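> Below is the file upload-v4.cif, which contains mmCIF, C-alpha atoms.
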```cif
data_start
#
loop_
_atom_site.label_atom_id
_atom_site.label_comp_id
_atom_site.auth_asym_id
_atom_site.auth_seq_id
_atom_site.Cartn_x
_atom_site.Cartn_y
_atom_site.Cartn_z
CA MET C 1 0.00 0.00 0.00
CA THR C 2 1.33 3.43 -0.88
CA LYS C 3 1.11 6.52 1.26
CA THR C 4 -1.56 8.04 -0.96
CA GLU C 5 -3.62 4.89 -0.79
CA PHE C 6 -3.25 4.69 2.96
CA LEU C 7 -4.30 8.32 3.45
CA SER C 8 -7.31 8.11 1.18
CA ARG C 9 -8.52 4.96 2.88
CA LEU C 10 -7.92 6.55 6.27
CA ALA C 11 -9.93 9.61 5.20
CA GLU C 12 -12.71 7.28 4.14
CA GLU C 13 -12.63 5.46 7.48
CA LEU C 14 -12.70 8.72 9.44
CA LYS C 15 -15.84 10.11 7.85
CA GLY C 16 -17.70 9.78 11.13
CA ILE C 17 -15.62 12.28 13.09
CA SER C 18 -15.46 16.05 12.87
CA ALA C 19 -13.69 17.64 9.91
CA GLU C 20 -11.15 19.24 12.23
CA GLU C 21 -10.19 15.96 13.88
CA ARG C 22 -10.01 14.23 10.53
CA GLU C 23 -7.78 16.92 9.10
CA GLU C 24 -5.46 16.75 12.12
CA ALA C 25 -5.17 12.99 11.92
CA LEU C 26 -4.54 12.97 8.18
CA ASN C 27 -1.88 15.65 8.50
CA TYR C 28 -0.22 13.73 11.29
CA TYR C 29 -0.08 10.47 9.37
CA SER C 30 0.99 12.19 6.17
CA GLU C 31 3.93 13.74 8.03
CA TYR C 32 4.56 10.51 9.89
CA LEU C 33 5.00 8.57 6.66
CA ASP C 34 7.18 11.33 5.23
CA GLU C 35 9.44 10.96 8.24
CA ALA C 36 9.60 7.23 7.81
CA GLY C 37 11.05 7.92 4.38
CA GLU C 38 9.98 6.77 0.98
CA GLU C 39 11.95 3.57 1.12
CA ASN C 40 10.36 2.57 4.43
CA GLU C 41 6.88 3.70 3.52
CA GLU C 42 5.51 0.25 2.92
CA ALA C 43 6.98 -1.12 6.15
CA ALA C 44 5.79 1.86 8.19
CA ILE C 45 2.25 1.44 6.89
CA GLU C 46 2.47 -2.24 7.71
CA GLU C 47 3.56 -1.42 11.25
CA LEU C 48 0.74 1.06 11.72
CA GLY C 49 -1.59 -1.85 11.16
CA GLY C 50 -3.56 -0.60 8.17
CA PRO C 51 -5.95 2.35 7.83
CA GLU C 52 -8.85 0.49 9.46
CA LYS C 53 -6.98 -0.09 12.66
CA VAL C 54 -5.54 3.43 12.73
CA ALA C 55 -9.03 4.86 12.18
CA ARG C 56 -10.54 2.62 14.83
CA ILE C 57 -8.10 3.83 17.44
CA ILE C 58 -8.66 7.47 16.50
CA ARG C 59 -12.42 7.09 16.54
CA ALA C 60 -12.40 5.33 19.87
CA ASN C 61 -10.39 8.16 21.34
CA THR C 62 -12.25 11.09 19.87
CA ALA C 63 -15.44 9.43 21.06
CA GLN C 64 -13.97 9.06 24.49
CA SER C 65 -13.27 12.73 24.88
CA ALA C 66 -16.51 13.81 23.30
CA GLN C 67 -18.41 11.60 25.65
CA GLY C 68 -17.14 13.42 28.69
CA ALA C 69 -15.54 10.27 30.02
CA GLN C 70 -12.25 12.02 29.61
CA PRO C 71 -12.42 14.02 32.83
CA ALA C 72 -13.12 10.83 34.76
CA ALA C 73 -10.24 8.90 33.29
CA PRO C 74 -7.34 11.14 34.32
CA LYS C 75 -8.81 11.41 37.79
CA ALA C 76 -8.87 7.67 38.16
CA ALA C 77 -5.46 7.58 36.62
CA ALA C 78 -4.19 10.05 39.18
CA GLU C 79 -5.27 7.76 41.97
CA ASP C 80 -3.55 4.83 40.41
CA PRO C 81 -1.52 6.23 37.58
CA PHE C 82 0.05 3.12 36.27
CA GLY C 83 -3.08 1.14 36.34
CA ALA C 84 -1.34 -2.06 37.14
CA ALA C 85 -2.79 -2.51 40.60
CA ALA C 86 -6.25 -2.35 39.18
CA GLN C 87 -5.73 -4.85 36.44
CA PRO C 88 -8.02 -7.78 36.85
CA VAL C 89 -5.30 -10.37 36.68
CA PRO C 90 -6.31 -13.99 36.41
CA PRO C 91 -5.06 -15.80 39.49
CA SER C 92 -2.81 -18.24 37.75
CA SER C 93 -0.28 -17.83 34.97
CA ALA C 94 -0.95 -14.11 34.78
CA TYR C 95 2.56 -13.20 33.94
CA ALA C 96 3.50 -16.40 32.25
CA GLN C 97 3.98 -15.88 28.59
CA GLY C 98 1.27 -18.37 27.75
CA GLY C 99 -1.22 -16.60 29.97
CA GLN C 100 -0.71 -13.25 28.43
CA SER C 101 -3.38 -13.46 25.81
CA ALA C 102 -5.90 -14.58 28.37
CA GLN C 103 -4.90 -11.74 30.58
CA GLN C 104 -5.29 -9.24 27.84
CA ALA C 105 -8.56 -10.68 26.81
CA GLN C 106 -9.84 -10.01 30.27
CA SER C 107 -8.44 -6.62 31.01
CA GLY C 108 -8.99 -5.25 27.54
CA PRO C 109 -6.17 -4.95 25.07
CA ALA C 110 -3.50 -2.71 26.46
CA TYR C 111 -0.68 -0.83 24.92
CA THR C 112 1.40 -3.91 24.96
CA GLN C 113 -0.26 -5.17 21.85
CA SER C 114 1.31 -4.17 18.66
CA GLY C 115 1.14 -7.09 16.31
CA PRO C 116 -0.97 -6.81 13.20
CA ASP C 117 -3.10 -9.61 14.61
CA ASP C 118 -4.69 -7.45 17.26
CA THR C 119 -7.80 -6.67 15.35
CA GLN C 120 -9.72 -5.96 18.54
CA SER C 121 -7.58 -3.15 19.79
CA GLY C 122 -10.59 -0.83 20.10
CA PRO C 123 -9.96 1.75 22.80
CA ALA C 124 -6.43 0.56 23.22
CA TYR C 125 -5.87 2.22 26.54
CA ALA C 126 -9.28 2.64 28.01
CA GLN C 127 -7.58 0.64 30.69
CA THR C 128 -9.80 -0.05 33.60
CA ALA C 129 -8.56 2.03 36.43
CA PRO C 130 -10.89 1.88 39.43
CA GLY C 131 -14.00 3.90 38.86
CA ALA C 132 -13.24 4.63 35.27
CA PRO C 133 -16.06 3.25 33.20
CA HIS C 134 -15.03 0.74 30.63
CA ILE C 135 -15.70 2.45 27.37
CA PRO C 136 -16.58 0.11 24.59
CA TYR C 137 -15.50 0.89 21.10
CA GLU C 138 -19.06 1.73 20.12
CA GLY C 139 -19.15 4.31 22.91
CA TYR C 140 -19.35 7.17 20.46
CA GLU C 141 -23.08 6.61 20.04
CA ALA C 142 -23.70 8.48 23.25
CA PRO C 143 -23.08 12.10 22.20
CA ARG C 144 -25.83 11.81 19.66
CA ARG C 145 -28.28 10.99 22.39
CA ARG C 146 -27.35 14.15 24.23
CA SER C 147 -28.02 16.27 21.16
CA TYR C 148 -31.44 14.63 20.89
CA LEU C 149 -32.18 15.85 24.39
CA TRP C 150 -31.56 19.43 23.25
CA LEU C 151 -33.80 18.88 20.30
CA TRP C 152 -36.56 17.75 22.63
CA ILE C 153 -36.13 20.79 24.87
CA ILE C 154 -36.27 23.17 21.91
CA LEU C 155 -39.29 21.35 20.55
CA GLY C 156 -40.93 21.64 23.96
CA VAL C 157 -40.34 25.41 24.11
CA ILE C 158 -41.74 25.90 20.63
CA CYS C 159 -44.79 23.83 21.50
CA ILE C 160 -45.65 25.73 24.71
CA PRO C 161 -48.58 27.69 23.16
CA VAL C 162 -49.98 24.50 21.67
CA ILE C 163 -49.54 22.67 24.96
CA ILE C 164 -51.29 25.44 26.91
CA GLY C 165 -54.12 25.39 24.40
CA LEU C 166 -54.42 21.62 24.66
CA LEU C 167 -54.42 21.76 28.45
CA GLY C 168 -57.19 24.39 28.31
CA ALA C 169 -59.21 22.20 25.99
CA ILE C 170 -58.80 19.19 28.26
CA LEU C 171 -59.81 21.21 31.33
CA GLY C 172 -62.81 22.59 29.46
CA LEU C 173 -63.83 19.12 28.39
CA ILE C 174 -63.58 17.82 31.95
CA GLY C 175 -65.60 20.78 33.24
CA GLY C 176 -68.22 20.24 30.56
CA VAL C 177 -68.60 16.58 31.37
CA ILE C 178 -68.90 17.28 35.10
CA GLY C 179 -71.47 20.03 34.43
CA MET C 180 -73.47 17.74 32.19
CA LEU C 181 -73.50 14.96 34.75
CA ALA C 182 -74.43 17.34 37.56
CA SER C 183 -77.27 18.88 35.57
CA LEU C 184 -78.53 15.41 34.62
CA ILE C 185 -78.66 14.27 38.24
CA ILE C 186 -79.76 17.49 39.94
CA GLY C 187 -82.15 18.44 37.15
CA GLY C 188 -83.51 14.91 37.04
CA ALA C 189 -84.03 14.84 40.80
CA THR C 190 -85.78 18.24 40.73
CA ALA C 191 -88.01 17.13 37.89
CA ALA C 192 -88.84 13.92 39.73
CA PHE C 193 -89.85 15.89 42.86
CA ALA C 194 -91.85 18.35 40.79
CA GLY C 195 -93.64 15.51 39.01
CA PHE C 196 -94.38 13.84 42.35
CA GLY C 197 -95.77 17.16 43.68
CA LEU C 198 -97.96 17.57 40.58
CA ILE C 199 -99.39 14.09 41.03
CA ILE C 200 -100.24 14.73 44.68
CA LYS C 201 -101.75 18.16 43.86
CA SER C 202 -103.86 16.66 41.06
CA VAL C 203 -105.38 14.15 43.54
CA PHE C 204 -106.76 17.05 45.64
CA LEU C 205 -108.06 18.86 42.54
CA PHE C 206 -109.78 15.76 41.17
CA SER C 207 -113.19 16.41 42.74
CA SER C 208 -113.55 20.01 41.53
CA TYR C 209 -111.85 19.88 38.08
CA PRO C 210 -111.57 16.25 37.01
CA ALA C 211 -110.36 17.02 33.48
CA GLY C 212 -107.73 19.52 34.61
CA ALA C 213 -106.64 17.20 37.38
CA LEU C 214 -106.18 14.30 34.92
CA PHE C 215 -104.13 16.53 32.64
CA MET C 216 -102.05 17.64 35.60
CA MET C 217 -101.57 14.07 36.78
CA GLY C 218 -100.42 13.03 33.30
CA GLY C 219 -97.99 15.91 33.25
CA GLY C 220 -96.81 14.95 36.71
CA PHE C 221 -96.12 11.36 35.69
CA LEU C 222 -94.32 12.49 32.56
CA THR C 223 -92.11 15.00 34.43
CA GLY C 224 -91.43 12.63 37.29
CA GLY C 225 -90.65 9.72 34.99
CA LEU C 226 -88.28 11.77 32.85
CA GLY C 227 -86.64 13.18 35.99
CA VAL C 228 -86.04 9.73 37.47
CA LEU C 229 -84.73 8.51 34.13
CA ALA C 230 -82.33 11.45 33.79
CA CYS C 231 -81.14 11.04 37.36
CA ALA C 232 -80.56 7.32 36.94
CA PHE C 233 -78.79 7.86 33.64
CA GLY C 234 -76.47 10.41 35.28
CA ILE C 235 -75.62 8.04 38.13
CA TRP C 236 -75.08 5.17 35.70
CA LEU C 237 -72.77 7.36 33.61
CA ILE C 238 -70.67 8.22 36.66
CA ARG C 239 -70.48 4.62 37.86
CA LYS C 240 -69.51 3.23 34.47
CA GLY C 241 -67.63 6.25 33.16
CA VAL C 242 -65.25 7.05 36.00
CA PRO C 243 -63.49 3.63 36.10
CA PHE C 244 -63.41 3.57 32.30
CA VAL C 245 -61.81 7.01 32.08
CA ALA C 246 -59.35 6.14 34.84
CA SER C 247 -58.23 2.92 33.17
CA SER C 248 -58.02 4.66 29.78
CA ILE C 249 -55.75 7.31 31.25
CA ARG C 250 -53.62 4.65 32.91
CA SER C 251 -53.19 2.53 29.80
CA GLY C 252 -52.68 5.60 27.62
CA TRP C 253 -49.95 6.79 29.96
CA SER C 254 -48.10 3.48 30.01
CA TYR C 255 -48.41 3.27 26.21
CA LEU C 256 -46.83 6.71 25.91
CA LYS C 257 -44.08 5.75 28.30
CA GLY C 258 -43.35 2.65 26.25
CA LYS C 259 -43.18 4.72 23.08
CA VAL C 260 -40.76 7.17 24.65
CA ARG C 261 -38.57 4.31 25.83
CA ASP C 262 -38.54 2.78 22.35
CA LEU C 263 -37.56 6.12 20.88
CA ARG C 264 -34.66 6.43 23.27
CA TRP C 265 -33.27 3.01 22.54
CA ASN C 266 -33.63 3.39 18.81
CA ASP C 267 -31.64 6.60 18.62
CA MET B 1 7.09 -7.57 27.42
CA ALA B 2 4.98 -9.56 29.80
CA PHE B 3 4.00 -6.61 31.98
CA ASN B 4 0.89 -4.77 31.15
CA THR B 5 1.24 -1.04 31.09
CA GLY B 6 -1.41 1.59 31.43
CA ALA B 7 -2.38 4.79 29.72
CA ALA B 8 -0.76 6.94 32.37
CA LEU B 9 2.65 5.43 31.78
CA MET B 10 2.24 6.15 28.09
CA ASP B 11 1.38 9.78 28.89
CA ALA B 12 4.31 10.01 31.26
CA LEU B 13 6.76 8.68 28.68
CA VAL B 14 5.48 10.98 25.95
CA LEU B 15 5.69 14.01 28.23
CA SER B 16 9.17 13.02 29.27
CA VAL B 17 10.39 12.53 25.70
CA VAL B 18 8.96 15.90 24.67
CA SER B 19 10.31 17.65 27.77
CA ASN B 20 13.89 16.78 26.74
CA GLU B 21 13.48 18.62 23.46
CA SER B 22 10.63 19.66 21.23
CA THR B 23 10.24 16.96 18.69
CA TYR B 24 7.89 15.49 16.10
CA GLY B 25 5.43 12.61 16.01
CA TYR B 26 7.55 10.02 14.25
CA LYS B 27 10.48 10.58 16.59
CA ILE B 28 8.26 10.48 19.68
CA THR B 29 6.78 7.22 18.49
CA GLN B 30 10.22 5.68 18.01
CA ASP B 31 11.45 6.90 21.40
CA VAL B 32 8.43 5.63 23.30
CA ARG B 33 8.57 2.34 21.46
CA SER B 34 12.17 1.88 22.51
CA VAL B 35 10.99 1.29 26.08
CA MET B 36 7.37 0.30 25.72
CA ASP B 37 5.90 -2.28 23.43
CA VAL B 38 3.07 -0.22 21.97
CA SER B 39 1.70 -0.11 18.49
CA GLU B 40 2.74 2.79 16.28
CA SER B 41 -0.86 3.77 15.77
CA SER B 42 -1.60 4.29 19.45
CA LEU B 43 0.71 7.28 19.80
CA TYR B 44 -1.30 9.75 17.75
CA PRO B 45 -4.37 9.77 20.02
CA VAL B 46 -2.12 10.27 23.03
CA LEU B 47 -0.40 13.26 21.45
CA ARG B 48 -3.74 14.69 20.38
CA ARG B 49 -5.23 14.28 23.82
CA LEU B 50 -2.24 15.75 25.63
CA GLN B 51 -2.41 18.65 23.23
CA LYS B 52 -6.10 19.18 23.91
CA ASP B 53 -5.54 18.93 27.64
CA GLY B 54 -3.00 21.71 27.37
CA CYS B 55 0.00 19.59 28.32
CA LEU B 56 1.56 19.83 24.86
CA GLU B 57 1.52 22.49 22.19
CA THR B 58 2.55 22.34 18.57
CA TYR B 59 4.34 24.51 16.07
CA ASP B 60 5.21 23.93 12.44
CA ARG B 61 8.69 24.11 10.92
CA GLU B 62 9.79 23.50 7.41
CA PHE B 63 12.08 20.55 6.99
CA ALA B 64 13.49 19.25 3.69
CA GLY B 65 10.84 21.06 1.72
CA ARG B 66 7.88 19.83 3.72
CA ASN B 67 6.18 20.62 6.96
CA ARG B 68 7.14 19.10 10.26
CA ARG B 69 4.93 19.56 13.28
CA TYR B 70 6.84 19.83 16.51
CA TYR B 71 5.42 19.10 19.91
CA SER B 72 6.66 21.01 22.92
CA ILE B 73 5.74 20.72 26.56
CA THR B 74 3.72 23.41 28.32
CA GLU B 75 3.92 24.48 31.92
CA LYS B 76 0.92 22.34 32.69
CA GLY B 77 2.64 19.44 30.98
CA VAL B 78 5.74 19.94 33.13
CA ASP B 79 3.61 19.84 36.28
CA GLN B 80 1.85 16.76 35.07
CA LEU B 81 5.13 15.06 34.25
CA GLU B 82 6.50 15.87 37.69
CA ASP B 83 3.41 14.35 39.24
CA TYR B 84 3.82 11.23 37.13
CA ARG B 85 7.48 10.94 38.11
CA VAL B 86 6.69 11.07 41.81
CA GLN B 87 3.93 8.52 41.46
CA TRP B 88 6.02 6.24 39.30
CA ARG B 89 8.83 6.31 41.85
CA GLU B 90 6.44 5.29 44.62
CA TYR B 91 4.92 2.60 42.50
CA ALA B 92 8.25 1.20 41.33
CA GLU B 93 9.58 1.12 44.88
CA LYS B 94 6.56 -0.79 46.09
CA VAL B 95 6.86 -3.29 43.27
CA ASP B 96 10.58 -3.68 43.90
CA ARG B 97 10.00 -4.23 47.56
CA VAL B 98 7.63 -7.08 46.90
CA LEU B 99 9.50 -8.55 43.94
CA PHE B 100 12.98 -8.45 45.43
CA GLY B 101 12.51 -8.07 49.18
CA GLY B 102 8.91 -8.93 49.83
CA ILE B 103 9.72 -11.86 52.12
CA ASP B 104 11.50 -9.48 54.52
CA ASP B 105 8.49 -7.26 54.74
CA ASP B 106 5.85 -9.90 55.07
CA LYS B 107 7.09 -12.94 56.85
CA ASN B 108 9.69 -11.67 59.32
#
```
Let's see the structure in the file written out as structure tokens.

Amino acid sequence: MTKTEFLSRLAEELKGISAEEREEALNYYSEYLDEAGEENEEAAIEELGGPEKVARIIRANTAQSAQGAQPAAPKAAAEDPFGAAAQPVPPSSAYAQGGQSAQQAQSGPAYTQSGPDDTQSGPAYAQTAPGAPHIPYEGYEAPRRRSYLWLWIILGVICIPVIIGLLGAILGLIGGVIGMLASLIIGGATAAFAGFGLIIKSVFLFSSYPAGALFMMGGGFLTGGLGVLACAFGIWLIRKGVPFVASSIRSGWSYLKGKVRDLRWND
Amino acid sequence: MAFNTGAALMDALVLSVVSNESTYGYKITQDVRSVMDVSESSLYPVLRRLQKDGCLETYDREFAGRNRRYYSITEKGVDQLEDYRVQWREYAEKVDRVLFGGIDDDKN
């Protein structure tokens, strides 16, 4: 692979990071290969481990600092700067040559790896000091989630008038429903009493004005019947409606929560 | 080398190499690799990070008709290096004590 080839493939691999970081890295490696000298170019590229590996290490590290894990790492490092005490070392054969690969597999590939075979070098030195979170290679997904949060906040601010309007509508609706139910029950009860009163009054009038009394009695039955019906209907509505509304709100809420959770994980 | 080495040692070595004289990426890589078995490609992120943290700064010089970016240590970098040196000394002494004289400490 020539220098030009290496750099163009590296540029390709680094498309995910900021233009500034990409530029820096490309300049560095361009100079680096110049220093190695034309006759050693091939060997130097070989030793770097190919553009994919170089890019992976750069990405892992730019992600690390963007993620804000960076401030935590040096702190942990300050407590135990050389990291060795914190290495989860397998009890046996840790330092035996044969055990080395196992050891590295457990503690994450460290700087000590340099062969072209270490395809999993990921965050080469996200060494696990105590308290420092282990940052997986894919860690650079996280910053995107933070920017989504901002988007949501901005969206929320923009939507405030709509939200206030919606809240007003909901309150109005609730008030309307309560008013309707109250008028059904109270009005129905009043009508029932009035009808009952009319019936009683018509009984006393029967002897003097039979026809008028009959008319009055009919009216009384009609009013009373309608009143009882309205009252019963109102009570029935409350008894059936309140649990239904409550369970609808509950299930609607948990549905919304589920949706929000899905959104978060799918980012 | 059988011994695993951490990120801080890498930082310490880079700072130390640069503190001797301002120098460029390829040279730093070679110098660090002379004592530590690290891959060539792991030096760049370290330099970049130290630069961002304000421990190193860069300047460009022309060399043989092309650009060469030199890294030099800042005051903050010097402090950091001093801190690393102290801590390394403590650490190395403790390791030495156990590796070469641990029986005296523990079982007597």
> Can you work out which one of B:Asp96, B:Phe3, B:Val32, B:Gly101 has the shortest atom-to-atom distance to Val17 of chain B, counting all atoms listed in the file?
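Distance minimum relative to Val17 of chain B lands on B:Val32.
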> Find, counting only C-alpha atoms, the residue in B:Glu40, B:Thr29, B:Ser16, B:Asp11 that gets nearest to chain C.
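The answer is B:Glu40, which sits nearest to chain C.
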> Starting from the PyMOL selection byres ((chain B and resi 12) around 9), expand the selection into actual residues of this file and give them as JSON, numbers by chain.
{"B": [7, 8, 9, 10, 11, 13, 14, 15, 16, 17, 80, 81, 82, 84, 85]}
> Using the selection just defined, write its residues with C-alpha atoms as an mmCIF file, in the coordinates of the input.

```cif
data_model
loop_
_atom_site.group_PDB
_atom_site.id
_atom_site.type_symbol
_atom_site.label_atom_id
_atom_site.label_comp_id
_atom_site.auth_asym_id
_atom_site.auth_seq_id
_atom_site.Cartn_x
_atom_site.Cartn_y
_atom_site.Cartn_z
ATOM 1 C CA ALA B 7 -2.380 4.790 29.720
ATOM 2 C CA ALA B 8 -0.760 6.940 32.370
ATOM 3 C CA LEU B 9 2.650 5.430 31.780
ATOM 4 C CA MET B 10 2.240 6.150 28.090
ATOM 5 C CA ASP B 11 1.380 9.780 28.890
ATOM 6 C CA LEU B 13 6.760 8.680 28.680
ATOM 7 C CA VAL B 14 5.480 10.980 25.950
ATOM 8 C CA LEU B 15 5.690 14.010 28.230
ATOM 9 C CA SER B 16 9.170 13.020 29.270
ATOM 10 C CA VAL B 17 10.390 12.530 25.700
ATOM 11 C CA GLN B 80 1.850 16.760 35.070
ATOM 12 C CA LEU B 81 5.130 15.060 34.250
ATOM 13 C CA GLU B 82 6.500 15.870 37.690
ATOM 14 C CA TYR B 84 3.820 11.230 37.130
ATOM 15 C CA ARG B 85 7.480 10.940 38.110
#
```
> Run the PyMOL selection byres ((chain B and resi 58-69) around 10) against the file shown and list the residues it catches, as number ranges by chain.
C: 27-28, 30-32, 34-35; B: 22-26, 47, 51, 56-57, 70-74
> Output C-alpha atoms for every residue in that selection, as a PDB file, in the coordinates of the input.

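Contents of again-v5.pdb, freshly written:
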```pdb
ATOM      1  CA  ASN C  27      -1.880  15.650   8.500  1.00  0.00           C
ATOM      2  CA  TYR C  28      -0.220  13.730  11.290  1.00  0.00           C
ATOM      3  CA  SER C  30       0.990  12.190   6.170  1.00  0.00           C
ATOM      4  CA  GLU C  31       3.930  13.740   8.030  1.00  0.00           C
ATOM      5  CA  TYR C  32       4.560  10.510   9.890  1.00  0.00           C
ATOM      6  CA  ASP C  34       7.180  11.330   5.230  1.00  0.00           C
ATOM      7  CA  GLU C  35       9.440  10.960   8.240  1.00  0.00           C
TER       8      GLU C  35
ATOM      9  CA  SER B  22      10.630  19.660  21.230  1.00  0.00           C
ATOM     10  CA  THR B  23      10.240  16.960  18.690  1.00  0.00           C
ATOM     11  CA  TYR B  24       7.890  15.490  16.100  1.00  0.00           C
ATOM     12  CA  GLY B  25       5.430  12.610  16.010  1.00  0.00           C
ATOM     13  CA  TYR B  26       7.550  10.020  14.250  1.00  0.00           C
ATOM     14  CA  LEU B  47      -0.400  13.260  21.450  1.00  0.00           C
ATOM     15  CA  GLN B  51      -2.410  18.650  23.230  1.00  0.00           C
ATOM     16  CA  LEU B  56       1.560  19.830  24.860  1.00  0.00           C
ATOM     17  CA  GLU B  57       1.520  22.490  22.190  1.00  0.00           C
ATOM     18  CA  TYR B  70       6.840  19.830  16.510  1.00  0.00           C
ATOM     19  CA  TYR B  71       5.420  19.100  19.910  1.00  0.00           C
ATOM     20  CA  SER B  72       6.660  21.010  22.920  1.00  0.00           C
ATOM     21  CA  ILE B  73       5.740  20.720  26.560  1.00  0.00           C
ATOM     22  CA  THR B  74       3.720  23.410  28.320  1.00  0.00           C
TER      23      THR B  74
END
```
> Identify which of the residues B:Tyr91, B:Glu21, B:Phe100, B:Cys55 lies closest to chain C, counting only C-alpha atoms when measuring atom-to-atom distances.
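Nearest candidate to chain C out of B:Tyr91, B:Glu21, B:Phe100, B:Cys55: B:Tyr91.
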> Any chance you could work out the residue set of the PyMOL selection byres ((chain C and resi 15-26) around 10) here, as an MDAnalysis selection string?
(chainID C and resid 6:8 10:14 27:32 54:55 58:59 62:63 140) or (chainID B and resid 44:45 48)
> Please produce a file of the residues just selected, as a PDB file, in the frame of the given file, where the atoms kept are C-alpha atoms.

```pdb
ATOM      1  CA  PHE C   6      -3.250   4.690   2.960  1.00  0.00           C
ATOM      2  CA  LEU C   7      -4.300   8.320   3.450  1.00  0.00           C
ATOM      3  CA  SER C   8      -7.310   8.110   1.180  1.00  0.00           C
ATOM      4  CA  LEU C  10      -7.920   6.550   6.270  1.00  0.00           C
ATOM      5  CA  ALA C  11      -9.930   9.610   5.200  1.00  0.00           C
ATOM      6  CA  GLU C  12     -12.710   7.280   4.140  1.00  0.00           C
ATOM      7  CA  GLU C  13     -12.630   5.460   7.480  1.00  0.00           C
ATOM      8  CA  LEU C  14     -12.700   8.720   9.440  1.00  0.00           C
ATOM      9  CA  ASN C  27      -1.880  15.650   8.500  1.00  0.00           C
ATOM     10  CA  TYR C  28      -0.220  13.730  11.290  1.00  0.00           C
ATOM     11  CA  TYR C  29      -0.080  10.470   9.370  1.00  0.00           C
ATOM     12  CA  SER C  30       0.990  12.190   6.170  1.00  0.00           C
ATOM     13  CA  GLU C  31       3.930  13.740   8.030  1.00  0.00           C
ATOM     14  CA  TYR C  32       4.560  10.510   9.890  1.00  0.00           C
ATOM     15  CA  VAL C  54      -5.540   3.430  12.730  1.00  0.00           C
ATOM     16  CA  ALA C  55      -9.030   4.860  12.180  1.00  0.00           C
ATOM     17  CA  ILE C  58      -8.660   7.470  16.500  1.00  0.00           C
ATOM     18  CA  ARG C  59     -12.420   7.090  16.540  1.00  0.00           C
ATOM     19  CA  THR C  62     -12.250  11.090  19.870  1.00  0.00           C
ATOM     20  CA  ALA C  63     -15.440   9.430  21.060  1.00  0.00           C
ATOM     21  CA  TYR C 140     -19.350   7.170  20.460  1.00  0.00           C
TER      22      TYR C 140
ATOM     23  CA  TYR B  44      -1.300   9.750  17.750  1.00  0.00           C
ATOM     24  CA  PRO B  45      -4.370   9.770  20.020  1.00  0.00           C
ATOM     25  CA  ARG B  48      -3.740  14.690  20.380  1.00  0.00           C
TER      26      ARG B  48
END
```
> Could you please determine the separation between atom CA of Ser39 of chain B and atom CA of Ile57 of chain C in Å, to one decimal place?
10.6 Å
> List every protein, DNA or RNA residue with an atom no more than 12 Å from (-68.5, 13.0, 29.0) in the file's coordinates, counting all atoms listed in the file, and format the result as a list in words.
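Answer for this query, in the requested form: Ile170, Gly172, Leu173, Ile174, Gly175, Gly176, Val177, Ile178, Gly179, Met180, Leu181, Ala182, Leu184, Gly234, Leu237, Ile238, Lys240, Gly241, Val242, Phe244 and Val245 of chain C.
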> Could you tell me how far atom CA of Ala43 of chain C lies from atom CA of Met1 of chain C, in Å and to one decimal?
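So the answer is 9.4 Å.
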> Hey, can you check how far atom CA of Leu229 of chain C sits from atom CA of Leu205 of chain C?
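Those two atoms sit 26.9 Å apart.
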> Please determine, counting only C-alpha atoms, which residue among B:Ala92, B:Val86, B:Leu50, B:Val98 has the shortest atom-to-atom distance to Val18 of chain B.
B:Leu50
> Which residues are close to Lys3 of chain C, i.e. within 9 Å by all atoms listed in the file, leaving aside same-chain residues fewer than 6 positions away? Reply as number ranges by chain.
C: 30, 33-34, 38, 41-42, 45
> Using all atoms listed in the file for the distances, tell me which of B:Val38, B:Asp53, B:Asp31, B:Val78 is nearest to chain C.
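So, comparing all the options, the nearest one is B:Val38.
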> My list of candidates is B:Gly6, B:Val35, B:Asp83, B:Lys27. Which is closest to chain C when distances are computed with all atoms listed in the file?
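With all atoms listed in the file as the atom set, the closest residue is B:Gly6.
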